[in-house]
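Enquirer: Have a look at the structure that comes next, please.
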Amino acid sequence: MSTKLGFAPLPTMTADEALSEAHRCLMCWDAPCTRACPTSIDVPGFIKRIAHDDLVGSARTILDANILGASCARVCPTEVLCAGACVLNELHERPIDIGRLQAFATDDVVFGDLGLFRSVESTGRSVGIVGAGPAGLACGAELARMGHDVVMYDANEKPGGLNTYGVANYKMDQQTAIREVSFVESLGVEIRSGTAVGADVSLDDLFKNHDAVFLGVGLGAVPALGLDGEDLNGVEDALEFIAALRSASVDLTGQHVAVIGGGNTAIDSVTQAALLGADRVYLVYRRGRDEMKAYPHDIERALTNGVDFIHWSAPKRIEGDGSVSALVCDRTEYGSDGKLQTTEGSEYAIPVSMVLRATGQEKRRSFLEQIDGVAVDASGRVTVDDQFRTGNDRIWAGGDCVNGGKEVVNAVAHGKAAAIDIDRVLQSSPRGK
Ligand code: SF4
């Protein structure tokens, strides 16, 4: 059987392309692109340095604001953030390709070990970080640059969280994510992978060994839908499907795949399945297109790749004999009370060989509720204040476990803001706490 690893992300720009794109930028004062960035990267500042052939200065401008600038350049929805805010849109011109310029500026520094940031004298204070995903990496990198000892604990075999396991290959490959983690380690952060807090390291030891703790634990698996037939071969969590593709070759030629959901994971899964050669790919969503959480540009990309969108349909059961053969749905509609309901007698079957659940991840409520002073709201999100402090004065939290699941760049912004506050508290508190 032939195999495919998915499709490579867009190639980075050549120097000539970057220079030409940089010269298109109007270097706006009060740049809307910077205001649209959750990490406030000085976009005209870094582009100006590219135009002046100062790539290291450009990288420094980006990485000072966002230490994961290399991965954010690839996975950010720039169409709705920086590039979406570019003034050239209003002039009916193509917006600046900020993502690819950012990748061009940062790649040599992040992946080339140029030693951009010097180590500083140790403060002797230690911070434990639970979860080596984007929020934890950003928090740890900032704290290490401030001179604190940082140890990150991650239950997975490889660090990087969603960047390593949850990004579709056509946006960023796993190797790029891992190399960026190595860059963070080069700043002085120690990462203990395959080490689950609560199992391999006790919570008591975590608090005994560190002056402060940051929780960047992200979210859990996609829960089962409770449908008959969900245990058949070929039914999977969409995130596990994406994670498996990060390190294994897969060929979906001949497969008919249905993905249930309307968010970013669903759209990544259908596009990935189509790019891997599936004969038919369906996105099954219980509401209309306008109510999908996925970004319009990602929806367009899925449509371009031949994905069939089936709206107003609620999965009812999965049929098959050992392996999946059909996803059975009811049609849906809004009732007179404004609530979504299934339409009586509307049952129909979609012949498929794979069903992927992309209906939202579980919160890590049971783990979080074990920690003194950490409150979890009704939807399972950790409650924090403006400085990302929890109710425990030694614990901060950020990223998906706080916002319920947003972009990598939002997690980076949380991690960085928490690091600044942790540093402030550690610098002003006596040792030995
Ligand atoms: Fe350049 Fe567009 Fe930002 Fe203006 S808004 S500084 S043109 S990228």
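Ordering of the structure tokens sets the chain letters (A, B, ...), residue numbers begin anew at 1 in every chain, and ligands are numbered from 1 in the order given.
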Taking a cut-off of 6 Å and counting only C-alpha atoms and all ligand atoms, can you build a table that, for each residue of chain A near ligand 1, reports the nearest atom pair and how far apart they are in Å (one decimal), sorted by chain then residue number, as CSV?

Expert:
residue,atom,partner,partner_atom_place_in_ligand_line,distance
A:Cys25,CA,ligand 1,1 (Fe),3.9
A:Leu26,CA,ligand 1,7 (S),4.2
A:Met27,CA,ligand 1,6 (S),4.0
A:Cys28,CA,ligand 1,6 (S),4.2
A:Ala31,CA,ligand 1,6 (S),5.0
A:Pro32,CA,ligand 1,5 (S),5.2
A:Cys33,CA,ligand 1,3 (Fe),4.5
A:Val43,CA,ligand 1,3 (Fe),5.9
A:Pro44,CA,ligand 1,6 (S),4.4
A:Cys86,CA,ligand 1,5 (S),3.5
A:Val87,CA,ligand 1,5 (S),4.6
A:Leu88,CA,ligand 1,2 (Fe),5.8
A:Ile96,CA,ligand 1,8 (S),5.1

Enquirer: Write a file of the just-selected residues containing C-alpha atoms, as a PDB file, in the first residue's frame.

Expert:
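Dumped everything to result.pdb:
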ATOM      1  CA  CYS A  25       4.280  47.544   3.868  1.00  0.00           C
ATOM      2  CA  LEU A  26       3.210  51.126   4.586  1.00  0.00           C
ATOM      3  CA  MET A  27       4.844  51.007   8.063  1.00  0.00           C
ATOM      4  CA  CYS A  28       1.644  52.415   9.541  1.00  0.00           C
ATOM      5  CA  ALA A  31      -0.462  49.830  13.159  1.00  0.00           C
ATOM      6  CA  PRO A  32      -3.771  47.931  13.240  1.00  0.00           C
ATOM      7  CA  CYS A  33      -1.885  44.700  12.540  1.00  0.00           C
ATOM      8  CA  VAL A  43       4.679  44.196  12.898  1.00  0.00           C
ATOM      9  CA  PRO A  44       5.890  47.307  11.022  1.00  0.00           C
ATOM     10  CA  CYS A  86      -3.908  45.289   7.487  1.00  0.00           C
ATOM     11  CA  VAL A  87      -4.904  48.670   6.020  1.00  0.00           C
ATOM     12  CA  LEU A  88      -4.209  47.367   2.518  1.00  0.00           C
ATOM     13  CA  ILE A  96       0.849  42.006   3.697  1.00  0.00           C
TER      14      ILE A  96
END

Enquirer: Produce a table with one row for each residue of stretch 189-283 of chain A that has an atom at most 8 Å from any atom of stretch 136-153 of chain A, each row naming the nearest atom pair and its distance in Å at one decimal; use only C-alpha atoms; arrange rows by chain and rising residue number; format as JSON lines.

Expert:
{"residue": "A:Val189", "atom": "CA", "partner": "A:Val150", "partner_atom": "CA", "distance": 5.3}
{"residue": "A:Glu190", "atom": "CA", "partner": "A:Val151", "partner_atom": "CA", "distance": 4.8}
{"residue": "A:Ile191", "atom": "CA", "partner": "A:Met152", "partner_atom": "CA", "distance": 4.7}
{"residue": "A:Arg192", "atom": "CA", "partner": "A:Tyr153", "partner_atom": "CA", "distance": 5.0}
{"residue": "A:Ser193", "atom": "CA", "partner": "A:Tyr153", "partner_atom": "CA", "distance": 6.1}
{"residue": "A:Gly194", "atom": "CA", "partner": "A:Tyr153", "partner_atom": "CA", "distance": 7.8}
{"residue": "A:Thr195", "atom": "CA", "partner": "A:Tyr153", "partner_atom": "CA", "distance": 5.7}
{"residue": "A:Ala196", "atom": "CA", "partner": "A:Tyr153", "partner_atom": "CA", "distance": 6.7}
{"residue": "A:Val197", "atom": "CA", "partner": "A:Tyr153", "partner_atom": "CA", "distance": 6.9}
{"residue": "A:Phe214", "atom": "CA", "partner": "A:Gly136", "partner_atom": "CA", "distance": 7.3}
{"residue": "A:Leu215", "atom": "CA", "partner": "A:Gly136", "partner_atom": "CA", "distance": 7.3}
{"residue": "A:Gly216", "atom": "CA", "partner": "A:Gly136", "partner_atom": "CA", "distance": 5.1}

Enquirer: So that I have them on file, write out the residues from the current selection with N, CA, C and O atoms, as a PDB file, in the first residue's frame.

Expert:
ATOM      1  N   VAL A 189      15.496  26.382  30.018  1.00  0.00           N
ATOM      2  CA  VAL A 189      14.333  25.682  30.582  1.00  0.00           C
ATOM      3  C   VAL A 189      14.596  24.178  30.579  1.00  0.00           C
ATOM      4  O   VAL A 189      15.064  23.639  29.581  1.00  0.00           O
ATOM      5  N   GLU A 190      14.292  23.521  31.688  1.00  0.00           N
ATOM      6  CA  GLU A 190      14.398  22.053  31.722  1.00  0.00           C
ATOM      7  C   GLU A 190      13.017  21.460  31.477  1.00  0.00           C
ATOM      8  O   GLU A 190      12.050  21.865  32.126  1.00  0.00           O
ATOM      9  N   ILE A 191      12.939  20.535  30.548  1.00  0.00           N
ATOM     10  CA  ILE A 191      11.639  19.904  30.256  1.00  0.00           C
ATOM     11  C   ILE A 191      11.709  18.418  30.601  1.00  0.00           C
ATOM     12  O   ILE A 191      12.590  17.706  30.113  1.00  0.00           O
ATOM     13  N   ARG A 192      10.794  17.975  31.454  1.00  0.00           N
ATOM     14  CA  ARG A 192      10.711  16.550  31.799  1.00  0.00           C
ATOM     15  C   ARG A 192       9.482  15.961  31.110  1.00  0.00           C
ATOM     16  O   ARG A 192       8.359  16.064  31.614  1.00  0.00           O
ATOM     17  N   SER A 193       9.705  15.376  29.949  1.00  0.00           N
ATOM     18  CA  SER A 193       8.601  14.774  29.195  1.00  0.00           C
ATOM     19  C   SER A 193       8.267  13.408  29.785  1.00  0.00           C
ATOM     20  O   SER A 193       9.074  12.820  30.506  1.00  0.00           O
ATOM     21  N   GLY A 194       7.091  12.914  29.466  1.00  0.00           N
ATOM     22  CA  GLY A 194       6.674  11.619  29.985  1.00  0.00           C
ATOM     23  C   GLY A 194       6.545  11.628  31.499  1.00  0.00           C
ATOM     24  O   GLY A 194       6.676  10.592  32.148  1.00  0.00           O
ATOM     25  N   THR A 195       6.297  12.801  32.057  1.00  0.00           N
ATOM     26  CA  THR A 195       6.217  12.944  33.515  1.00  0.00           C
ATOM     27  C   THR A 195       4.896  13.622  33.872  1.00  0.00           C
ATOM     28  O   THR A 195       4.743  14.828  33.700  1.00  0.00           O
ATOM     29  N   ALA A 196       3.959  12.814  34.318  1.00  0.00           N
ATOM     30  CA  ALA A 196       2.627  13.347  34.640  1.00  0.00           C
ATOM     31  C   ALA A 196       2.581  13.808  36.091  1.00  0.00           C
ATOM     32  O   ALA A 196       2.872  13.021  37.006  1.00  0.00           O
ATOM     33  N   VAL A 197       2.226  15.077  36.286  1.00  0.00           N
ATOM     34  CA  VAL A 197       2.027  15.572  37.647  1.00  0.00           C
ATOM     35  C   VAL A 197       0.745  14.940  38.190  1.00  0.00           C
ATOM     36  O   VAL A 197      -0.284  14.911  37.518  1.00  0.00           O
ATOM     37  N   PHE A 214       2.950  27.266  37.491  1.00  0.00           N
ATOM     38  CA  PHE A 214       2.053  27.711  36.413  1.00  0.00           C
ATOM     39  C   PHE A 214       1.374  26.480  35.836  1.00  0.00           C
ATOM     40  O   PHE A 214       2.033  25.490  35.491  1.00  0.00           O
ATOM     41  N   LEU A 215       0.049  26.549  35.710  1.00  0.00           N
ATOM     42  CA  LEU A 215      -0.718  25.445  35.137  1.00  0.00           C
ATOM     43  C   LEU A 215      -1.060  25.761  33.682  1.00  0.00           C
ATOM     44  O   LEU A 215      -1.819  26.697  33.400  1.00  0.00           O
ATOM     45  N   GLY A 216      -0.467  25.013  32.777  1.00  0.00           N
ATOM     46  CA  GLY A 216      -0.796  25.156  31.352  1.00  0.00           C
ATOM     47  C   GLY A 216      -1.195  23.795  30.832  1.00  0.00           C
ATOM     48  O   GLY A 216      -0.569  23.268  29.919  1.00  0.00           O
TER      49      GLY A 216
END

Enquirer: Out of A:Gly288, A:Asp108, A:Gly188, A:Leu68, which residue has the shortest atom-to-atom distance to A:Ser122 when counting only C-alpha atoms?

Expert: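 Once distances to A:Ser122 are computed over only C-alpha atoms, the minimum belongs to A:Gly188.
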
Enquirer: What is the atom CA of A:Ser353 to atom CA of A:Leu275 distance in Å?

Expert: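 Pair atom CA of A:Ser353 / atom CA of A:Leu275 returns 16.7 Å.
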
Enquirer: Could you tell me, as a list in words, which residues of stretch 258-389 of chain A DSSP assigns to helix (DSSP H, G or I) when given the backbone?

Expert: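 Selection result, helix (DSSP H, G or I) within stretch 258-389 of chain A: Asn264, Thr265, Ala266, Ile267, Asp268, Ser269, Val270, Thr271, Gln272, Ala273, Ala274, Leu275, Arg289, Asp290, Glu291, Pro296, His297, Asp298, Ile299, Glu300, Arg301, Ala302, Leu303, Thr304, Arg365, Ser366, Phe367 and Leu368 of chain A.
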
Enquirer: Quick one: residues within 7 Å of stretch 230-237 of chain A, only C-alpha atoms counted, chain neighbours fewer than 3 positions away excluded, as a PyMOL selection string?

Expert: chain A and resi 222+227+240-241+318+322-324+353-358

Enquirer: Could those selected residues go to a file with C-alpha atoms, as a PDB file, in the first residue's frame?

Expert:
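Output saved as part-v2.pdb:
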ATOM      1  CA  VAL A 222     -12.891  14.508  22.827  1.00  0.00           C
ATOM      2  CA  LEU A 227     -24.051   6.801  20.052  1.00  0.00           C
ATOM      3  CA  GLU A 240      -6.008  11.443  18.001  1.00  0.00           C
ATOM      4  CA  PHE A 241      -6.354  11.109  14.224  1.00  0.00           C
ATOM      5  CA  ILE A 318     -23.129   4.405  13.715  1.00  0.00           C
ATOM      6  CA  GLY A 322     -16.937  -4.849  13.293  1.00  0.00           C
ATOM      7  CA  SER A 323     -15.987  -1.796  11.246  1.00  0.00           C
ATOM      8  CA  VAL A 324     -17.968   1.313  10.390  1.00  0.00           C
ATOM      9  CA  SER A 353     -15.639   3.790   6.520  1.00  0.00           C
ATOM     10  CA  MET A 354     -14.354   6.268   9.123  1.00  0.00           C
ATOM     11  CA  VAL A 355     -16.065   8.562  11.628  1.00  0.00           C
ATOM     12  CA  LEU A 356     -14.084  11.224  13.486  1.00  0.00           C
ATOM     13  CA  ARG A 357     -15.464  13.016  16.536  1.00  0.00           C
ATOM     14  CA  ALA A 358     -14.516  16.704  16.630  1.00  0.00           C
TER      15      ALA A 358
END

Enquirer: Just checking: using only C-alpha atoms, which residue out of A:Ala248, A:Ala238, A:Ile50, A:Ala212 ends up closest to A:Arg424?

Expert: A:Ala212
